[in-house]
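> Contents of coords-v2.pdb (PDB, C-alpha atoms, pLDDT in the B column):
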ATOM      1  CA  MET A   1     162.410-228.791 -42.180  1.00 52.00           C
ATOM      2  CA  THR A   2     160.628-231.711 -43.812  1.00 62.00           C
ATOM      3  CA  PHE A   3     163.156-232.300 -46.616  1.00 68.00           C
ATOM      4  CA  LYS A   4     160.330-232.233 -49.160  1.00 79.00           C
ATOM      5  CA  THR A   5     161.867-229.445 -51.222  1.00 89.00           C
ATOM      6  CA  LYS A   6     164.715-229.965 -53.651  1.00 91.00           C
ATOM      7  CA  GLU A   7     167.024-227.583 -51.813  1.00 91.00           C
ATOM      8  CA  SER A   8     166.420-229.221 -48.424  1.00 92.00           C
ATOM      9  CA  ARG A   9     167.107-232.690 -49.835  1.00 93.00           C
ATOM     10  CA  LEU A  10     170.239-231.382 -51.539  1.00 94.00           C
ATOM     11  CA  PHE A  11     171.510-229.897 -48.276  1.00 94.00           C
ATOM     12  CA  LEU A  12     170.849-233.182 -46.467  1.00 93.00           C
ATOM     13  CA  ILE A  13     172.753-235.190 -49.105  1.00 93.00           C
ATOM     14  CA  LEU A  14     175.735-232.833 -49.299  1.00 95.00           C
ATOM     15  CA  GLY A  15     175.918-232.453 -45.519  1.00 94.00           C
ATOM     16  CA  SER A  16     175.749-236.216 -45.014  1.00 94.00           C
ATOM     17  CA  PHE A  17     178.599-236.766 -47.457  1.00 93.00           C
ATOM     18  CA  LEU A  18     180.720-234.088 -45.764  1.00 94.00           C
ATOM     19  CA  ILE A  19     180.221-235.457 -42.252  1.00 94.00           C
ATOM     20  CA  SER A  20     180.529-239.149 -43.175  1.00 95.00           C
ATOM     21  CA  ASN A  21     183.765-238.541 -45.070  1.00 94.00           C
ATOM     22  CA  ALA A  22     185.174-236.497 -42.182  1.00 92.00           C
ATOM     23  CA  ILE A  23     184.479-239.388 -39.799  1.00 92.00           C
ATOM     24  CA  LEU A  24     185.904-241.936 -42.244  1.00 92.00           C
ATOM     25  CA  ALA A  25     189.078-239.863 -42.607  1.00 89.00           C
ATOM     26  CA  GLU A  26     189.658-239.974 -38.856  1.00 87.00           C
ATOM     27  CA  PHE A  27     189.370-243.757 -38.607  1.00 87.00           C
ATOM     28  CA  ILE A  28     191.104-244.878 -41.804  1.00 88.00           C
ATOM     29  CA  GLY A  29     193.796-242.268 -41.171  1.00 85.00           C
ATOM     30  CA  VAL A  30     195.596-244.605 -38.781  1.00 85.00           C
ATOM     31  CA  LYS A  31     196.955-246.466 -41.813  1.00 88.00           C
ATOM     32  CA  ILE A  32     200.051-244.953 -43.427  1.00 88.00           C
ATOM     33  CA  PHE A  33     200.508-245.845 -47.071  1.00 91.00           C
ATOM     34  CA  THR A  34     203.205-245.132 -49.625  1.00 92.00           C
ATOM     35  CA  VAL A  35     202.018-243.169 -52.637  1.00 91.00           C
ATOM     36  CA  GLU A  36     204.955-244.253 -54.763  1.00 91.00           C
ATOM     37  CA  GLY A  37     204.462-247.905 -53.838  1.00 91.00           C
ATOM     38  CA  SER A  38     200.748-247.690 -54.593  1.00 92.00           C
ATOM     39  CA  LEU A  39     201.538-246.230 -58.009  1.00 90.00           C
ATOM     40  CA  GLY A  40     204.328-248.731 -58.636  1.00 92.00           C
ATOM     41  CA  ILE A  41     207.057-246.103 -58.989  1.00 92.00           C
ATOM     42  CA  PRO A  42     210.416-245.697 -57.147  1.00 90.00           C
ATOM     43  CA  LYS A  43     210.474-243.637 -53.950  1.00 88.00           C
ATOM     44  CA  PHE A  44     211.589-240.040 -54.390  1.00 86.00           C
ATOM     45  CA  ASP A  45     213.947-239.930 -51.358  1.00 85.00           C
ATOM     46  CA  LEU A  46     213.726-236.152 -50.939  1.00 85.00           C
ATOM     47  CA  ASN A  47     215.957-234.036 -48.696  1.00 87.00           C
ATOM     48  CA  MET A  48     214.383-230.918 -47.142  1.00 86.00           C
ATOM     49  CA  PHE A  49     215.427-228.783 -44.174  1.00 85.00           C
ATOM     50  CA  GLY A  50     218.096-231.336 -43.333  1.00 84.00           C
ATOM     51  CA  VAL A  51     215.582-234.181 -43.113  1.00 86.00           C
ATOM     52  CA  LYS A  52     216.751-236.984 -45.403  1.00 85.00           C
ATOM     53  CA  ASP A  53     215.071-239.833 -47.290  1.00 84.00           C
ATOM     54  CA  LEU A  54     211.631-238.260 -47.387  1.00 88.00           C
ATOM     55  CA  SER A  55     208.986-239.898 -49.544  1.00 90.00           C
ATOM     56  CA  PHE A  56     205.230-239.630 -49.921  1.00 89.00           C
ATOM     57  CA  ASN A  57     204.093-241.660 -46.937  1.00 89.00           C
ATOM     58  CA  MET A  58     200.555-240.449 -46.344  1.00 88.00           C
ATOM     59  CA  SER A  59     197.754-241.091 -43.897  1.00 88.00           C
ATOM     60  CA  ALA A  60     194.949-243.001 -45.610  1.00 89.00           C
ATOM     61  CA  GLY A  61     192.691-240.184 -44.418  1.00 87.00           C
ATOM     62  CA  VAL A  62     193.794-238.170 -47.446  1.00 88.00           C
ATOM     63  CA  VAL A  63     191.617-240.491 -49.557  1.00 89.00           C
ATOM     64  CA  THR A  64     188.427-238.778 -48.358  1.00 90.00           C
ATOM     65  CA  TRP A  65     189.704-235.248 -47.677  1.00 85.00           C
ATOM     66  CA  PRO A  66     189.356-234.109 -51.320  1.00 84.00           C
ATOM     67  CA  ILE A  67     185.677-235.121 -51.152  1.00 88.00           C
ATOM     68  CA  ILE A  68     185.259-233.142 -47.922  1.00 89.00           C
ATOM     69  CA  PHE A  69     186.618-229.971 -49.462  1.00 85.00           C
ATOM     70  CA  ILE A  70     184.580-230.403 -52.645  1.00 88.00           C
ATOM     71  CA  MET A  71     181.449-230.811 -50.514  1.00 90.00           C
ATOM     72  CA  THR A  72     182.505-227.751 -48.492  1.00 90.00           C
ATOM     73  CA  ASP A  73     182.821-225.605 -51.614  1.00 89.00           C
ATOM     74  CA  ILE A  74     179.574-226.872 -53.139  1.00 92.00           C
ATOM     75  CA  ILE A  75     177.642-226.224 -49.895  1.00 93.00           C
ATOM     76  CA  ASN A  76     179.301-222.826 -49.668  1.00 91.00           C
ATOM     77  CA  GLU A  77     178.227-222.064 -53.232  1.00 90.00           C
ATOM     78  CA  TYR A  78     174.548-222.937 -52.770  1.00 93.00           C
ATOM     79  CA  PHE A  79     173.877-222.449 -49.050  1.00 93.00           C
ATOM     80  CA  GLY A  80     176.455-219.995 -47.746  1.00 90.00           C
ATOM     81  CA  VAL A  81     179.030-219.646 -44.982  1.00 88.00           C
ATOM     82  CA  LYS A  82     176.722-220.219 -42.006  1.00 91.00           C
ATOM     83  CA  GLN A  83     175.654-223.656 -43.215  1.00 93.00           C
ATOM     84  CA  VAL A  84     179.256-224.753 -43.817  1.00 92.00           C
ATOM     85  CA  ARG A  85     180.221-223.592 -40.336  1.00 92.00           C
ATOM     86  CA  PHE A  86     177.259-225.419 -38.836  1.00 94.00           C
ATOM     87  CA  LEU A  87     178.160-228.676 -40.604  1.00 94.00           C
ATOM     88  CA  SER A  88     181.854-228.333 -39.704  1.00 93.00           C
ATOM     89  CA  ILE A  89     181.084-227.885 -36.005  1.00 94.00           C
ATOM     90  CA  LEU A  90     178.542-230.708 -36.124  1.00 95.00           C
ATOM     91  CA  ALA A  91     181.103-233.000 -37.807  1.00 93.00           C
ATOM     92  CA  SER A  92     183.662-232.198 -35.085  1.00 93.00           C
ATOM     93  CA  ILE A  93     181.143-232.967 -32.335  1.00 94.00           C
ATOM     94  CA  ILE A  94     180.216-236.289 -33.963  1.00 94.00           C
ATOM     95  CA  ILE A  95     183.907-237.184 -34.380  1.00 92.00           C
ATOM     96  CA  CYS A  96     184.485-236.509 -30.671  1.00 91.00           C
ATOM     97  CA  TYR A  97     181.463-238.652 -29.829  1.00 93.00           C
ATOM     98  CA  ALA A  98     182.742-241.435 -32.106  1.00 91.00           C
ATOM     99  CA  PHE A  99     186.121-241.464 -30.342  1.00 89.00           C
ATOM    100  CA  LEU A 100     184.409-241.601 -26.941  1.00 91.00           C
ATOM    101  CA  VAL A 101     182.383-244.626 -28.054  1.00 93.00           C
ATOM    102  CA  VAL A 102     185.499-246.294 -29.465  1.00 91.00           C
ATOM    103  CA  GLY A 103     187.372-245.596 -26.234  1.00 90.00           C
ATOM    104  CA  PHE A 104     184.562-247.246 -24.281  1.00 93.00           C
ATOM    105  CA  ALA A 105     184.605-250.230 -26.650  1.00 93.00           C
ATOM    106  CA  MET A 106     188.369-250.604 -26.177  1.00 92.00           C
ATOM    107  CA  GLY A 107     187.836-250.832 -22.434  1.00 91.00           C
ATOM    108  CA  LEU A 108     185.414-253.763 -22.697  1.00 94.00           C
ATOM    109  CA  VAL A 109     186.844-257.127 -21.606  1.00 95.00           C
ATOM    110  CA  PRO A 110     187.237-259.298 -24.726  1.00 93.00           C
ATOM    111  CA  SER A 111     185.783-262.810 -24.924  1.00 94.00           C
ATOM    112  CA  ASP A 112     188.419-265.538 -24.614  1.00 92.00           C
ATOM    113  CA  PHE A 113     187.473-267.275 -27.884  1.00 91.00           C
ATOM    114  CA  TRP A 114     187.737-264.023 -29.850  1.00 91.00           C
ATOM    115  CA  ILE A 115     191.214-262.910 -28.789  1.00 92.00           C
ATOM    116  CA  ASN A 116     193.352-265.363 -30.730  1.00 92.00           C
ATOM    117  CA  GLN A 117     192.282-265.661 -34.352  1.00 89.00           C
ATOM    118  CA  ASN A 118     193.822-266.944 -37.557  1.00 87.00           C
ATOM    119  CA  VAL A 119     193.405-264.419 -40.374  1.00 84.00           C
ATOM    120  CA  ASN A 120     194.724-265.293 -43.828  1.00 86.00           C
ATOM    121  CA  GLY A 121     197.077-267.852 -42.303  1.00 84.00           C
ATOM    122  CA  GLU A 122     198.463-265.471 -39.670  1.00 86.00           C
ATOM    123  CA  ALA A 123     197.900-265.771 -35.926  1.00 88.00           C
ATOM    124  CA  LEU A 124     196.567-262.465 -34.599  1.00 89.00           C
ATOM    125  CA  ASN A 125     195.653-261.126 -31.189  1.00 93.00           C
ATOM    126  CA  MET A 126     192.388-259.456 -32.188  1.00 92.00           C
ATOM    127  CA  ASN A 127     192.178-257.297 -29.066  1.00 92.00           C
ATOM    128  CA  VAL A 128     195.662-255.896 -29.621  1.00 90.00           C
ATOM    129  CA  ALA A 129     194.848-255.317 -33.296  1.00 89.00           C
ATOM    130  CA  PHE A 130     191.554-253.597 -32.428  1.00 90.00           C
ATOM    131  CA  ASN A 131     193.211-251.292 -29.904  1.00 89.00           C
ATOM    132  CA  GLY A 132     196.105-250.598 -32.258  1.00 84.00           C
ATOM    133  CA  ILE A 133     193.835-249.585 -35.116  1.00 83.00           C
ATOM    134  CA  PHE A 134     191.230-247.596 -33.218  1.00 84.00           C
ATOM    135  CA  GLY A 135     193.338-246.374 -30.299  1.00 79.00           C
ATOM    136  CA  GLN A 136     194.719-243.171 -31.763  1.00 74.00           C
ATOM    137  CA  GLY A 137     196.538-240.932 -29.313  1.00 73.00           C
ATOM    138  CA  MET A 138     194.743-237.952 -27.799  1.00 76.00           C
ATOM    139  CA  TRP A 139     197.202-235.477 -29.327  1.00 80.00           C
ATOM    140  CA  ILE A 140     196.545-236.870 -32.816  1.00 82.00           C
ATOM    141  CA  ILE A 141     192.786-236.711 -32.273  1.00 84.00           C
ATOM    142  CA  VAL A 142     192.939-233.120 -31.007  1.00 87.00           C
ATOM    143  CA  GLY A 143     195.329-232.126 -33.794  1.00 87.00           C
ATOM    144  CA  SER A 144     193.146-233.549 -36.539  1.00 87.00           C
ATOM    145  CA  ILE A 145     189.936-231.974 -35.192  1.00 89.00           C
ATOM    146  CA  VAL A 146     191.540-228.548 -34.674  1.00 91.00           C
ATOM    147  CA  ALA A 147     193.129-228.703 -38.134  1.00 90.00           C
ATOM    148  CA  PHE A 148     189.771-229.678 -39.657  1.00 89.00           C
ATOM    149  CA  LEU A 149     187.931-226.776 -38.026  1.00 91.00           C
ATOM    150  CA  ILE A 150     190.590-224.188 -38.882  1.00 91.00           C
ATOM    151  CA  GLY A 151     190.830-225.515 -42.442  1.00 88.00           C
ATOM    152  CA  GLN A 152     187.061-225.331 -42.910  1.00 89.00           C
ATOM    153  CA  MET A 153     186.805-221.781 -41.550  1.00 90.00           C
ATOM    154  CA  VAL A 154     189.686-220.578 -43.734  1.00 90.00           C
ATOM    155  CA  ASP A 155     188.210-222.350 -46.778  1.00 88.00           C
ATOM    156  CA  VAL A 156     184.842-220.585 -46.543  1.00 87.00           C
ATOM    157  CA  MET A 157     186.470-217.215 -45.884  1.00 88.00           C
ATOM    158  CA  ILE A 158     188.826-217.408 -48.883  1.00 90.00           C
ATOM    159  CA  PHE A 159     186.007-218.805 -51.059  1.00 87.00           C
ATOM    160  CA  HIS A 160     183.787-215.788 -50.434  1.00 83.00           C
ATOM    161  CA  LYS A 161     186.607-213.253 -50.723  1.00 85.00           C
ATOM    162  CA  ILE A 162     187.433-214.577 -54.199  1.00 86.00           C
ATOM    163  CA  LYS A 163     183.739-214.725 -55.119  1.00 82.00           C
ATOM    164  CA  LYS A 164     183.225-211.094 -54.131  1.00 81.00           C
ATOM    165  CA  SER A 165     186.090-210.113 -56.418  1.00 81.00           C
ATOM    166  CA  THR A 166     185.139-212.259 -59.426  1.00 81.00           C
ATOM    167  CA  GLY A 167     181.358-212.601 -59.123  1.00 75.00           C
ATOM    168  CA  GLU A 168     179.829-215.826 -60.426  1.00 74.00           C
ATOM    169  CA  ARG A 169     182.725-216.415 -62.811  1.00 78.00           C
ATOM    170  CA  PHE A 170     185.766-218.594 -62.173  1.00 81.00           C
ATOM    171  CA  LEU A 171     184.262-221.343 -60.004  1.00 79.00           C
ATOM    172  CA  TRP A 172     187.578-223.189 -60.308  1.00 81.00           C
ATOM    173  CA  LEU A 173     189.467-220.224 -58.856  1.00 85.00           C
ATOM    174  CA  ARG A 174     187.373-219.739 -55.725  1.00 85.00           C
ATOM    175  CA  ALA A 175     186.917-223.471 -55.086  1.00 84.00           C
ATOM    176  CA  THR A 176     190.430-224.703 -55.835  1.00 85.00           C
ATOM    177  CA  GLY A 177     192.079-221.534 -54.512  1.00 87.00           C
ATOM    178  CA  SER A 178     190.293-221.752 -51.157  1.00 88.00           C
ATOM    179  CA  THR A 179     191.089-225.460 -50.921  1.00 87.00           C
ATOM    180  CA  LEU A 180     194.793-224.927 -51.599  1.00 87.00           C
ATOM    181  CA  VAL A 181     195.059-222.296 -48.864  1.00 89.00           C
ATOM    182  CA  SER A 182     193.041-224.282 -46.303  1.00 88.00           C
ATOM    183  CA  GLN A 183     194.917-227.512 -47.070  1.00 88.00           C
ATOM    184  CA  PHE A 184     198.225-225.717 -46.534  1.00 89.00           C
ATOM    185  CA  ILE A 185     197.126-224.702 -43.040  1.00 88.00           C
ATOM    186  CA  ASP A 186     195.608-228.133 -42.334  1.00 87.00           C
ATOM    187  CA  SER A 187     198.813-229.920 -43.367  1.00 87.00           C
ATOM    188  CA  PHE A 188     200.920-228.104 -40.780  1.00 89.00           C
ATOM    189  CA  VAL A 189     198.454-227.630 -37.918  1.00 90.00           C
ATOM    190  CA  VAL A 190     197.790-231.343 -37.429  1.00 87.00           C
ATOM    191  CA  ILE A 191     201.507-232.206 -37.467  1.00 88.00           C
ATOM    192  CA  PHE A 192     202.376-229.282 -35.171  1.00 89.00           C
ATOM    193  CA  ILE A 193     199.849-230.362 -32.530  1.00 88.00           C
ATOM    194  CA  ALA A 194     200.234-234.137 -32.859  1.00 83.00           C
ATOM    195  CA  PHE A 195     204.033-234.336 -33.100  1.00 84.00           C
ATOM    196  CA  TYR A 196     205.664-230.989 -32.231  1.00 86.00           C
ATOM    197  CA  ILE A 197     203.955-229.935 -28.993  1.00 85.00           C
ATOM    198  CA  ASN A 198     203.159-233.541 -28.058  1.00 79.00           C
ATOM    199  CA  PRO A 199     205.799-234.458 -25.430  1.00 78.00           C
ATOM    200  CA  GLN A 200     205.717-238.077 -26.585  1.00 75.00           C
ATOM    201  CA  TYR A 201     207.328-237.143 -29.901  1.00 78.00           C
ATOM    202  CA  SER A 202     208.787-233.593 -29.672  1.00 75.00           C
ATOM    203  CA  TRP A 203     209.623-233.361 -33.361  1.00 82.00           C
ATOM    204  CA  SER A 204     211.942-230.550 -34.441  1.00 87.00           C
ATOM    205  CA  TRP A 205     210.516-227.668 -36.471  1.00 88.00           C
ATOM    206  CA  GLN A 206     212.598-228.938 -39.403  1.00 90.00           C
ATOM    207  CA  MET A 207     210.790-232.272 -39.255  1.00 89.00           C
ATOM    208  CA  VAL A 208     207.399-230.557 -39.005  1.00 88.00           C
ATOM    209  CA  ALA A 209     208.226-228.291 -41.966  1.00 90.00           C
ATOM    210  CA  ALA A 210     209.565-231.136 -44.114  1.00 91.00           C
ATOM    211  CA  ILE A 211     206.742-233.609 -43.445  1.00 90.00           C
ATOM    212  CA  GLY A 212     204.129-230.848 -43.718  1.00 90.00           C
ATOM    213  CA  LEU A 213     205.497-229.712 -47.067  1.00 91.00           C
ATOM    214  CA  VAL A 214     205.532-233.265 -48.428  1.00 90.00           C
ATOM    215  CA  ASN A 215     201.927-233.745 -47.294  1.00 90.00           C
ATOM    216  CA  TYR A 216     200.872-230.423 -48.803  1.00 91.00           C
ATOM    217  CA  THR A 217     202.541-231.215 -52.122  1.00 90.00           C
ATOM    218  CA  TYR A 218     200.409-234.340 -52.395  1.00 90.00           C
ATOM    219  CA  LYS A 219     197.235-232.466 -51.406  1.00 88.00           C
ATOM    220  CA  PHE A 220     198.076-229.642 -53.840  1.00 89.00           C
ATOM    221  CA  LEU A 221     198.311-232.036 -56.765  1.00 90.00           C
ATOM    222  CA  ILE A 222     195.125-233.880 -55.794  1.00 89.00           C
ATOM    223  CA  ALA A 223     193.206-230.594 -55.439  1.00 87.00           C
ATOM    224  CA  ILE A 224     194.223-229.573 -58.963  1.00 88.00           C
ATOM    225  CA  LEU A 225     193.310-232.982 -60.395  1.00 89.00           C
ATOM    226  CA  MET A 226     189.920-232.928 -58.642  1.00 87.00           C
ATOM    227  CA  THR A 227     188.898-229.557 -60.125  1.00 87.00           C
ATOM    228  CA  PRO A 228     187.032-231.064 -63.122  1.00 89.00           C
ATOM    229  CA  LEU A 229     184.937-233.138 -60.691  1.00 89.00           C
ATOM    230  CA  LEU A 230     183.782-229.904 -59.067  1.00 87.00           C
ATOM    231  CA  TYR A 231     182.301-228.775 -62.391  1.00 89.00           C
ATOM    232  CA  VAL A 232     180.653-232.153 -62.926  1.00 93.00           C
ATOM    233  CA  ILE A 233     178.964-232.040 -59.506  1.00 92.00           C
ATOM    234  CA  HIS A 234     177.991-228.404 -60.038  1.00 91.00           C
ATOM    235  CA  SER A 235     176.387-229.290 -63.381  1.00 92.00           C
ATOM    236  CA  VAL A 236     174.483-232.252 -61.906  1.00 94.00           C
ATOM    237  CA  ILE A 237     173.133-230.066 -59.078  1.00 94.00           C
ATOM    238  CA  ASP A 238     172.069-227.317 -61.488  1.00 93.00           C
ATOM    239  CA  ARG A 239     170.125-229.833 -63.570  1.00 93.00           C
ATOM    240  CA  TYR A 240     168.528-231.289 -60.451  1.00 93.00           C
ATOM    241  CA  LEU A 241     167.483-227.906 -59.050  1.00 92.00           C
ATOM    242  CA  GLY A 242     166.633-226.249 -62.319  1.00 92.00           C
ATOM    243  CA  ASN A 243     168.273-223.062 -63.535  1.00 88.00           C
ATOM    244  CA  ASP A 244     165.993-220.621 -61.702  1.00 91.00           C
ATOM    245  CA  LEU A 245     166.218-222.306 -58.295  1.00 92.00           C
ATOM    246  CA  ALA A 246     169.967-222.876 -58.653  1.00 90.00           C
ATOM    247  CA  MET A 247     170.587-219.197 -59.443  1.00 89.00           C
ATOM    248  CA  LYS A 248     168.312-218.157 -56.561  1.00 91.00           C
ATOM    249  CA  LEU A 249     170.227-220.301 -54.055  1.00 91.00           C
ATOM    250  CA  VAL A 250     173.615-219.117 -55.311  1.00 88.00           C
ATOM    251  CA  LYS A 251     172.531-215.476 -55.076  1.00 86.00           C
ATOM    252  CA  GLU A 252     171.126-215.910 -51.562  1.00 86.00           C
ATOM    253  CA  ALA A 253     174.237-217.848 -50.439  1.00 83.00           C
ATOM    254  CA  SER A 254     176.531-215.003 -51.517  1.00 79.00           C
ATOM    255  CA  GLN A 255     174.539-212.573 -49.379  1.00 73.00           C
ATOM    256  CA  LYS A 256     174.593-214.659 -46.208  1.00 65.00           C
TER     257      LYS A 256
END
Once more with this new file: its structure as structure tokens, please.

Amino acid sequence: MTFKTKESRLFLILGSFLISNAILAEFIGVKIFTVEGSLGIPKFDLNMFGVKDLSFNMSAGVVTWPIIFIMTDIINEYFGVKQVRFLSILASIIICYAFLVVGFAMGLVPSDFWINQNVNGEALNMNVAFNGIFGQGMWIIVGSIVAFLIGQMVDVMIFHKIKKSTGERFLWLRATGSTLVSQFIDSFVVIFIAFYINPQYSWSWQMVAAIGLVNYTYKFLIAILMTPLLYVIHSVIDRYLGNDLAMKLVKEASQK
């Protein structure tokens, strides 16, 4: 492939966005932020399954996940299931490679002058900070990659099942519907692996259910709010490809 055709360039752009955002999600995900605090509203302090004082404390990785699932649905729409599966597996391999490189970098002996730094008036041990930010536990890494792969496979399957039932109509239903189902699975799989079966934490099933449901509620709302963006991207792609080529790709994708 020379990427001289419109469809090849489109696949390269969409695939690059999917993979880059998947990698970004893994590395920025180490930061936990408060949704309520970011919006400037009081914490909800929910009580579910006996777990008290729950609020929307989310991994920063959720910032890029909506983009990943939009890219997944757009690629699915124009290029079919096989291409989404290929990109999902490729993204997982690159994420594993990235963590191996980071692990190697963490093992390098730091220079003496670099260790103790003053950042914004605060004395920091840069090596400790580096290892703390990039040194995610193996269970969390495995959980996030497994959840990503399962979520992607479920997304493409639900997308095409809905499309077979509705035809070319109701883009919002097949895209948002598949995302909501896949995000539900993703929300619980990563927590189950990283905190339930991980002997370091051994969370109860009540904790897994409560935290997973809080996470899914956030993702559910974001998926609904992002639906108009799906139509905007779809419209831009149709104009770029031209009506005939766009319809040809969509028809071929549904048959793959």
> Would you translate the PyMOL selection byres ((chain A and resi 168-182) around 8) into the concrete set of residues it matches in this file, as a PDB file with C-alpha atoms, keeping the file's coordinate frame?

ATOM      1  CA  PHE A  69     186.618-229.971 -49.462  1.00 85.00           C
ATOM      2  CA  ILE A  70     184.580-230.403 -52.645  1.00 88.00           C
ATOM      3  CA  ASP A  73     182.821-225.605 -51.614  1.00 89.00           C
ATOM      4  CA  ILE A 150     190.590-224.188 -38.882  1.00 91.00           C
ATOM      5  CA  GLY A 151     190.830-225.515 -42.442  1.00 88.00           C
ATOM      6  CA  GLN A 152     187.061-225.331 -42.910  1.00 89.00           C
ATOM      7  CA  VAL A 154     189.686-220.578 -43.734  1.00 90.00           C
ATOM      8  CA  ASP A 155     188.210-222.350 -46.778  1.00 88.00           C
ATOM      9  CA  VAL A 156     184.842-220.585 -46.543  1.00 87.00           C
ATOM     10  CA  MET A 157     186.470-217.215 -45.884  1.00 88.00           C
ATOM     11  CA  ILE A 158     188.826-217.408 -48.883  1.00 90.00           C
ATOM     12  CA  PHE A 159     186.007-218.805 -51.059  1.00 87.00           C
ATOM     13  CA  HIS A 160     183.787-215.788 -50.434  1.00 83.00           C
ATOM     14  CA  ILE A 162     187.433-214.577 -54.199  1.00 86.00           C
ATOM     15  CA  LYS A 163     183.739-214.725 -55.119  1.00 82.00           C
ATOM     16  CA  THR A 166     185.139-212.259 -59.426  1.00 81.00           C
ATOM     17  CA  GLY A 167     181.358-212.601 -59.123  1.00 75.00           C
ATOM     18  CA  GLN A 183     194.917-227.512 -47.070  1.00 88.00           C
ATOM     19  CA  PHE A 184     198.225-225.717 -46.534  1.00 89.00           C
ATOM     20  CA  ILE A 185     197.126-224.702 -43.040  1.00 88.00           C
ATOM     21  CA  ASP A 186     195.608-228.133 -42.334  1.00 87.00           C
ATOM     22  CA  LYS A 219     197.235-232.466 -51.406  1.00 88.00           C
ATOM     23  CA  PHE A 220     198.076-229.642 -53.840  1.00 89.00           C
ATOM     24  CA  ALA A 223     193.206-230.594 -55.439  1.00 87.00           C
ATOM     25  CA  ILE A 224     194.223-229.573 -58.963  1.00 88.00           C
ATOM     26  CA  THR A 227     188.898-229.557 -60.125  1.00 87.00           C
ATOM     27  CA  LEU A 230     183.782-229.904 -59.067  1.00 87.00           C
ATOM     28  CA  TYR A 231     182.301-228.775 -62.391  1.00 89.00           C
TER      29      TYR A 231
END
> Skip A:Ala98 itself and residues of its chain fewer than 3 positions away, then list as a ChimeraX atom specification all residues within 12 Å of it, counting all atoms listed in the file.
/A:20,22-24,26-27,91-95,101-105,134-135,141
> List the residues matched by the PyMOL selection byres ((chain A and resi 190) around 12) in the displayed structure as a PyMOL selection string, ordered by chain and then by residue number.
chain A and resi 26+59+139-151+183-189+191-198+208-209+211-212+215-216
> Between atom CA of A:Ile237 and atom CA of A:Met71, what is the spacing in Å?
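So the two atoms, atom CA of A:Met71 and atom CA of A:Ile237, lie 12.0 Å apart.
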> Please list as a list of chain:residue names every residue within 12 Å of A:Leu12, counting only C-alpha atoms and excluding residues in the same chain fewer than 3 positions away.
A:Met1, A:Thr2, A:Phe3, A:Lys4, A:Thr5, A:Lys6, A:Glu7, A:Ser8, A:Arg9, A:Gly15, A:Ser16, A:Phe17, A:Leu18, A:Ile19, A:Ser20, A:Met71, A:Ile75, A:Phe79, A:Gln83, A:Leu87
